[in-house]
Amino acid sequence: MQKYLYFIIISCSLVSCYTYQVKKQVDPAADQQESKKGAFVANNTSAPTKTDSQSPNSQQAPAPINVKEKLAANKNVKIDVDGKTYKVIVDRWESDSLVAHPVHNPKKILKFHKNQINSEKIAEKRFSQPIADIITIVAYAGIGVAIWALVR
């Protein structure tokens with residue numbers, strides 16, 4: 001029984017409410033279509049034009065992602081560089097090179113060129129409310145079981 005209790009306590013202490021999440025990119029083509037639909041609904045007397053019927057068929061290239069804007073100073077991020085994943089804290093930009101250090105090793109300096117960084121896989125460290133709720137429920141359940149075991 002004590003082994004299981006220690007195992008549960010250790011596993012709960014290793015859980016974090018913070019996760020690395022990739023920001024979703026806003027698709028300008030989707031926004032344009034939604035605004036056209038809203039304008040069409042608001043103005044029922046207008047007939048659809050030739051450009052309205054062509055816009056769903058035409059595929060626009062996604063807007064280029066500016067790596068420098070995403071990786072601002074002092075951000076805790078997970079980046080993919082040449083197929084290898086790094087969890088780093090951004091220090092600064094030196095022209096086209098990112099200067100950062102690993103999360104748990106501030107003495108080590110890493111430098112990456114902006115072309116090496118996969119801009120689609122930049123994940124920021126954020127608070128995760130569902131994980132926090134699960135941890136809270138498990139803690140309350142554990143306290144309830146402990147009280148029930150003491151009373152019994």
# chains A, B, ... in the order shown; residues from 1 in each chain; ligands from 1

$ residues_around --residues "Lys68 in chain A" --least-positions-apart "6" --cutoff "12 Å" --atoms "only C-alpha atoms" --output "PDB file with all heavy atoms, in the first residue's frame"
ATOM      1  N   LYS A  75      11.008  34.692 -24.345  1.00  0.00           N
ATOM      2  CA  LYS A  75       9.922  33.734 -24.540  1.00  0.00           C
ATOM      3  C   LYS A  75      10.453  32.318 -24.344  1.00  0.00           C
ATOM      4  O   LYS A  75      11.546  31.986 -24.769  1.00  0.00           O
ATOM      5  CB  LYS A  75       9.320  33.846 -25.937  1.00  0.00           C
ATOM      6  CG  LYS A  75       8.253  34.881 -26.056  1.00  0.00           C
ATOM      7  CD  LYS A  75       7.511  34.702 -27.347  1.00  0.00           C
ATOM      8  CE  LYS A  75       6.369  35.677 -27.442  1.00  0.00           C
ATOM      9  NZ  LYS A  75       5.647  35.511 -28.695  1.00  0.00           N
ATOM     10  N   VAL A  90      14.475  32.421 -25.412  1.00  0.00           N
ATOM     11  CA  VAL A  90      15.078  33.326 -26.386  1.00  0.00           C
ATOM     12  C   VAL A  90      15.788  34.465 -25.655  1.00  0.00           C
ATOM     13  O   VAL A  90      15.206  35.100 -24.774  1.00  0.00           O
ATOM     14  CB  VAL A  90      13.999  33.896 -27.338  1.00  0.00           C
ATOM     15  CG1 VAL A  90      14.604  34.882 -28.309  1.00  0.00           C
ATOM     16  CG2 VAL A  90      13.296  32.772 -28.058  1.00  0.00           C
ATOM     17  N   ASP A  91      17.039  34.688 -26.021  1.00  0.00           N
ATOM     18  CA  ASP A  91      17.796  35.803 -25.442  1.00  0.00           C
ATOM     19  C   ASP A  91      17.696  37.044 -26.322  1.00  0.00           C
ATOM     20  O   ASP A  91      17.253  38.092 -25.878  1.00  0.00           O
ATOM     21  CB  ASP A  91      19.265  35.417 -25.249  1.00  0.00           C
ATOM     22  CG  ASP A  91      19.439  34.365 -24.160  1.00  0.00           C
ATOM     23  OD1 ASP A  91      18.623  34.329 -23.226  1.00  0.00           O
ATOM     24  OD2 ASP A  91      20.389  33.569 -24.258  1.00  0.00           O
ATOM     25  N   ARG A  92      18.101  36.922 -27.589  1.00  0.00           N
ATOM     26  CA  ARG A  92      18.088  38.080 -28.485  1.00  0.00           C
ATOM     27  C   ARG A  92      18.298  37.603 -29.923  1.00  0.00           C
ATOM     28  O   ARG A  92      18.575  36.443 -30.170  1.00  0.00           O
ATOM     29  CB  ARG A  92      19.181  39.077 -28.096  1.00  0.00           C
ATOM     30  CG  ARG A  92      20.585  38.529 -28.268  1.00  0.00           C
ATOM     31  CD  ARG A  92      21.648  39.454 -27.708  1.00  0.00           C
ATOM     32  NE  ARG A  92      22.965  38.853 -27.809  1.00  0.00           N
ATOM     33  CZ  ARG A  92      23.465  37.965 -26.974  1.00  0.00           C
ATOM     34  NH1 ARG A  92      22.740  37.563 -25.950  1.00  0.00           N
ATOM     35  NH2 ARG A  92      24.690  37.473 -27.147  1.00  0.00           N
ATOM     36  N   TRP A  93      18.156  38.532 -30.830  1.00  0.00           N
ATOM     37  CA  TRP A  93      18.456  38.303 -32.245  1.00  0.00           C
ATOM     38  C   TRP A  93      19.702  39.086 -32.598  1.00  0.00           C
ATOM     39  O   TRP A  93      19.808  40.265 -32.278  1.00  0.00           O
ATOM     40  CB  TRP A  93      17.293  38.751 -33.121  1.00  0.00           C
ATOM     41  CG  TRP A  93      16.168  37.787 -33.162  1.00  0.00           C
ATOM     42  CD1 TRP A  93      15.062  37.792 -32.372  1.00  0.00           C
ATOM     43  CD2 TRP A  93      16.032  36.676 -34.037  1.00  0.00           C
ATOM     44  NE1 TRP A  93      14.253  36.739 -32.692  1.00  0.00           N
ATOM     45  CE2 TRP A  93      14.829  36.044 -33.721  1.00  0.00           C
ATOM     46  CE3 TRP A  93      16.824  36.141 -35.054  1.00  0.00           C
ATOM     47  CZ2 TRP A  93      14.377  34.903 -34.389  1.00  0.00           C
ATOM     48  CZ3 TRP A  93      16.377  35.011 -35.717  1.00  0.00           C
ATOM     49  CH2 TRP A  93      15.174  34.410 -35.388  1.00  0.00           C
ATOM     50  N   GLU A  94      20.633  38.448 -33.249  1.00  0.00           N
ATOM     51  CA  GLU A  94      21.819  39.114 -33.785  1.00  0.00           C
ATOM     52  C   GLU A  94      21.741  38.995 -35.299  1.00  0.00           C
ATOM     53  O   GLU A  94      22.047  37.950 -35.849  1.00  0.00           O
ATOM     54  CB  GLU A  94      23.103  38.476 -33.259  1.00  0.00           C
ATOM     55  CG  GLU A  94      23.332  38.698 -31.788  1.00  0.00           C
ATOM     56  CD  GLU A  94      24.596  38.019 -31.279  1.00  0.00           C
ATOM     57  OE1 GLU A  94      25.228  37.261 -32.045  1.00  0.00           O
ATOM     58  OE2 GLU A  94      24.926  38.242 -30.116  1.00  0.00           O
ATOM     59  N   SER A  95      21.307  40.029 -35.955  1.00  0.00           N
ATOM     60  CA  SER A  95      20.990  40.089 -37.385  1.00  0.00           C
ATOM     61  C   SER A  95      20.037  38.950 -37.739  1.00  0.00           C
ATOM     62  O   SER A  95      18.886  39.000 -37.338  1.00  0.00           O
ATOM     63  CB  SER A  95      22.247  40.135 -38.250  1.00  0.00           C
ATOM     64  OG  SER A  95      22.970  38.932 -38.160  1.00  0.00           O
ATOM     65  N   ASP A  96      20.475  37.910 -38.428  1.00  0.00           N
ATOM     66  CA  ASP A  96      19.567  36.806 -38.801  1.00  0.00           C
ATOM     67  C   ASP A  96      19.761  35.563 -37.939  1.00  0.00           C
ATOM     68  O   ASP A  96      19.262  34.492 -38.278  1.00  0.00           O
ATOM     69  CB  ASP A  96      19.784  36.421 -40.269  1.00  0.00           C
ATOM     70  CG  ASP A  96      19.177  37.438 -41.212  1.00  0.00           C
ATOM     71  OD1 ASP A  96      18.355  38.260 -40.743  1.00  0.00           O
ATOM     72  OD2 ASP A  96      19.508  37.410 -42.408  1.00  0.00           O
ATOM     73  N   SER A  97      20.463  35.680 -36.822  1.00  0.00           N
ATOM     74  CA  SER A  97      20.726  34.532 -35.954  1.00  0.00           C
ATOM     75  C   SER A  97      20.005  34.687 -34.628  1.00  0.00           C
ATOM     76  O   SER A  97      20.029  35.755 -34.012  1.00  0.00           O
ATOM     77  CB  SER A  97      22.220  34.380 -35.697  1.00  0.00           C
ATOM     78  OG  SER A  97      22.892  34.085 -36.892  1.00  0.00           O
ATOM     79  N   LEU A  98      19.388  33.609 -34.195  1.00  0.00           N
ATOM     80  CA  LEU A  98      18.722  33.573 -32.893  1.00  0.00           C
ATOM     81  C   LEU A  98      19.731  33.126 -31.851  1.00  0.00           C
ATOM     82  O   LEU A  98      20.398  32.103 -32.019  1.00  0.00           O
ATOM     83  CB  LEU A  98      17.548  32.588 -32.928  1.00  0.00           C
ATOM     84  CG  LEU A  98      16.877  32.283 -31.600  1.00  0.00           C
ATOM     85  CD1 LEU A  98      16.099  33.498 -31.113  1.00  0.00           C
ATOM     86  CD2 LEU A  98      15.946  31.089 -31.722  1.00  0.00           C
ATOM     87  N   VAL A  99      19.842  33.889 -30.777  1.00  0.00           N
ATOM     88  CA  VAL A  99      20.702  33.525 -29.656  1.00  0.00           C
ATOM     89  C   VAL A  99      19.774  33.148 -28.515  1.00  0.00           C
ATOM     90  O   VAL A  99      18.936  33.937 -28.082  1.00  0.00           O
ATOM     91  CB  VAL A  99      21.630  34.693 -29.242  1.00  0.00           C
ATOM     92  CG1 VAL A  99      22.477  34.302 -28.048  1.00  0.00           C
ATOM     93  CG2 VAL A  99      22.489  35.112 -30.407  1.00  0.00           C
ATOM     94  N   PHE A 112      21.112  29.827 -33.777  1.00  0.00           N
ATOM     95  CA  PHE A 112      20.459  29.227 -34.935  1.00  0.00           C
ATOM     96  C   PHE A 112      20.186  30.321 -35.957  1.00  0.00           C
ATOM     97  O   PHE A 112      19.765  31.416 -35.595  1.00  0.00           O
ATOM     98  CB  PHE A 112      19.121  28.585 -34.557  1.00  0.00           C
ATOM     99  CG  PHE A 112      19.215  27.588 -33.430  1.00  0.00           C
ATOM    100  CD1 PHE A 112      18.686  27.890 -32.193  1.00  0.00           C
ATOM    101  CD2 PHE A 112      19.817  26.364 -33.619  1.00  0.00           C
ATOM    102  CE1 PHE A 112      18.754  26.977 -31.157  1.00  0.00           C
ATOM    103  CE2 PHE A 112      19.898  25.443 -32.593  1.00  0.00           C
ATOM    104  CZ  PHE A 112      19.368  25.757 -31.357  1.00  0.00           C
ATOM    105  N   HIS A 113      20.398  30.000 -37.218  1.00  0.00           N
ATOM    106  CA  HIS A 113      20.038  30.937 -38.278  1.00  0.00           C
ATOM    107  C   HIS A 113      18.533  30.842 -38.491  1.00  0.00           C
ATOM    108  O   HIS A 113      17.937  29.781 -38.325  1.00  0.00           O
ATOM    109  CB  HIS A 113      20.797  30.607 -39.571  1.00  0.00           C
ATOM    110  CG  HIS A 113      20.668  31.691 -40.587  1.00  0.00           C
ATOM    111  ND1 HIS A 113      19.667  31.712 -41.522  1.00  0.00           N
ATOM    112  CD2 HIS A 113      21.422  32.808 -40.799  1.00  0.00           C
ATOM    113  CE1 HIS A 113      19.803  32.790 -42.276  1.00  0.00           C
ATOM    114  NE2 HIS A 113      20.855  33.463 -41.861  1.00  0.00           N
ATOM    115  N   LYS A 114      17.892  31.946 -38.864  1.00  0.00           N
ATOM    116  CA  LYS A 114      16.433  31.946 -38.995  1.00  0.00           C
ATOM    117  C   LYS A 114      15.943  30.994 -40.079  1.00  0.00           C
ATOM    118  O   LYS A 114      14.824  30.502 -40.010  1.00  0.00           O
ATOM    119  CB  LYS A 114      15.887  33.353 -39.222  1.00  0.00           C
ATOM    120  CG  LYS A 114      16.156  33.927 -40.582  1.00  0.00           C
ATOM    121  CD  LYS A 114      15.492  35.280 -40.715  1.00  0.00           C
ATOM    122  CE  LYS A 114      15.649  35.802 -42.132  1.00  0.00           C
ATOM    123  NZ  LYS A 114      14.962  37.068 -42.286  1.00  0.00           N
ATOM    124  N   ASN A 115      16.792  30.673 -41.085  1.00  0.00           N
ATOM    125  CA  ASN A 115      16.393  29.725 -42.123  1.00  0.00           C
ATOM    126  C   ASN A 115      16.433  28.280 -41.647  1.00  0.00           C
ATOM    127  O   ASN A 115      15.826  27.414 -42.252  1.00  0.00           O
ATOM    128  CB  ASN A 115      17.278  29.892 -43.359  1.00  0.00           C
ATOM    129  CG  ASN A 115      17.074  31.233 -44.020  1.00  0.00           C
ATOM    130  OD1 ASN A 115      16.045  31.872 -43.846  1.00  0.00           O
ATOM    131  ND2 ASN A 115      18.067  31.678 -44.765  1.00  0.00           N
ATOM    132  N   ILE A 117      15.293  27.316 -38.665  1.00  0.00           N
ATOM    133  CA  ILE A 117      14.160  27.111 -37.763  1.00  0.00           C
ATOM    134  C   ILE A 117      12.903  26.848 -38.567  1.00  0.00           C
ATOM    135  O   ILE A 117      12.566  27.601 -39.475  1.00  0.00           O
ATOM    136  CB  ILE A 117      13.958  28.350 -36.855  1.00  0.00           C
ATOM    137  CG1 ILE A 117      15.224  28.610 -36.038  1.00  0.00           C
ATOM    138  CG2 ILE A 117      12.758  28.167 -35.948  1.00  0.00           C
ATOM    139  CD1 ILE A 117      15.235  29.926 -35.317  1.00  0.00           C
ATOM    140  N   SER A 119       9.383  27.310 -39.003  1.00  0.00           N
ATOM    141  CA  SER A 119       8.452  28.302 -38.459  1.00  0.00           C
ATOM    142  C   SER A 119       7.067  27.727 -38.174  1.00  0.00           C
ATOM    143  O   SER A 119       6.304  28.307 -37.402  1.00  0.00           O
ATOM    144  CB  SER A 119       8.341  29.490 -39.405  1.00  0.00           C
ATOM    145  OG  SER A 119       7.859  29.063 -40.664  1.00  0.00           O
ATOM    146  N   ILE A 122       6.901  26.174 -34.232  1.00  0.00           N
ATOM    147  CA  ILE A 122       7.290  26.977 -33.079  1.00  0.00           C
ATOM    148  C   ILE A 122       6.146  26.917 -32.071  1.00  0.00           C
ATOM    149  O   ILE A 122       5.044  27.370 -32.340  1.00  0.00           O
ATOM    150  CB  ILE A 122       7.585  28.434 -33.481  1.00  0.00           C
ATOM    151  CG1 ILE A 122       8.767  28.488 -34.439  1.00  0.00           C
ATOM    152  CG2 ILE A 122       7.853  29.278 -32.244  1.00  0.00           C
ATOM    153  CD1 ILE A 122       9.041  29.852 -35.015  1.00  0.00           C
TER     154      ILE A 122
END

$ closest_residue --among "A:Glu124, A:Ile143, A:Gln21, A:Pro106" --to "Ala72 in chain A" --atoms "only C-alpha atoms"
A:Glu124

$ residues_around --residues "Ile9 in chain A" --least-positions-apart "5" --cutoff "12 Å" --atoms "only C-alpha atoms" --output "JSON, numbers by chain"
{"A": [2, 3, 4, 14, 15, 135, 138, 139, 142, 143]}

$ atom_distance --atom1 "CA of Val145 in chain A" --atom2 "CA of Ser16 in chain A"
22.7 Å

$ atom_distance --atom1 "CA of Tyr6 in chain A" --atom2 "CA of Val103 in chain A"
28.1 Å

$ residues_around --residues "Cys17 in chain A" --least-positions-apart "6" --cutoff "10 Å" --atoms "only C-alpha atoms" --output "PyMOL selection string"
chain A and resi 126-135
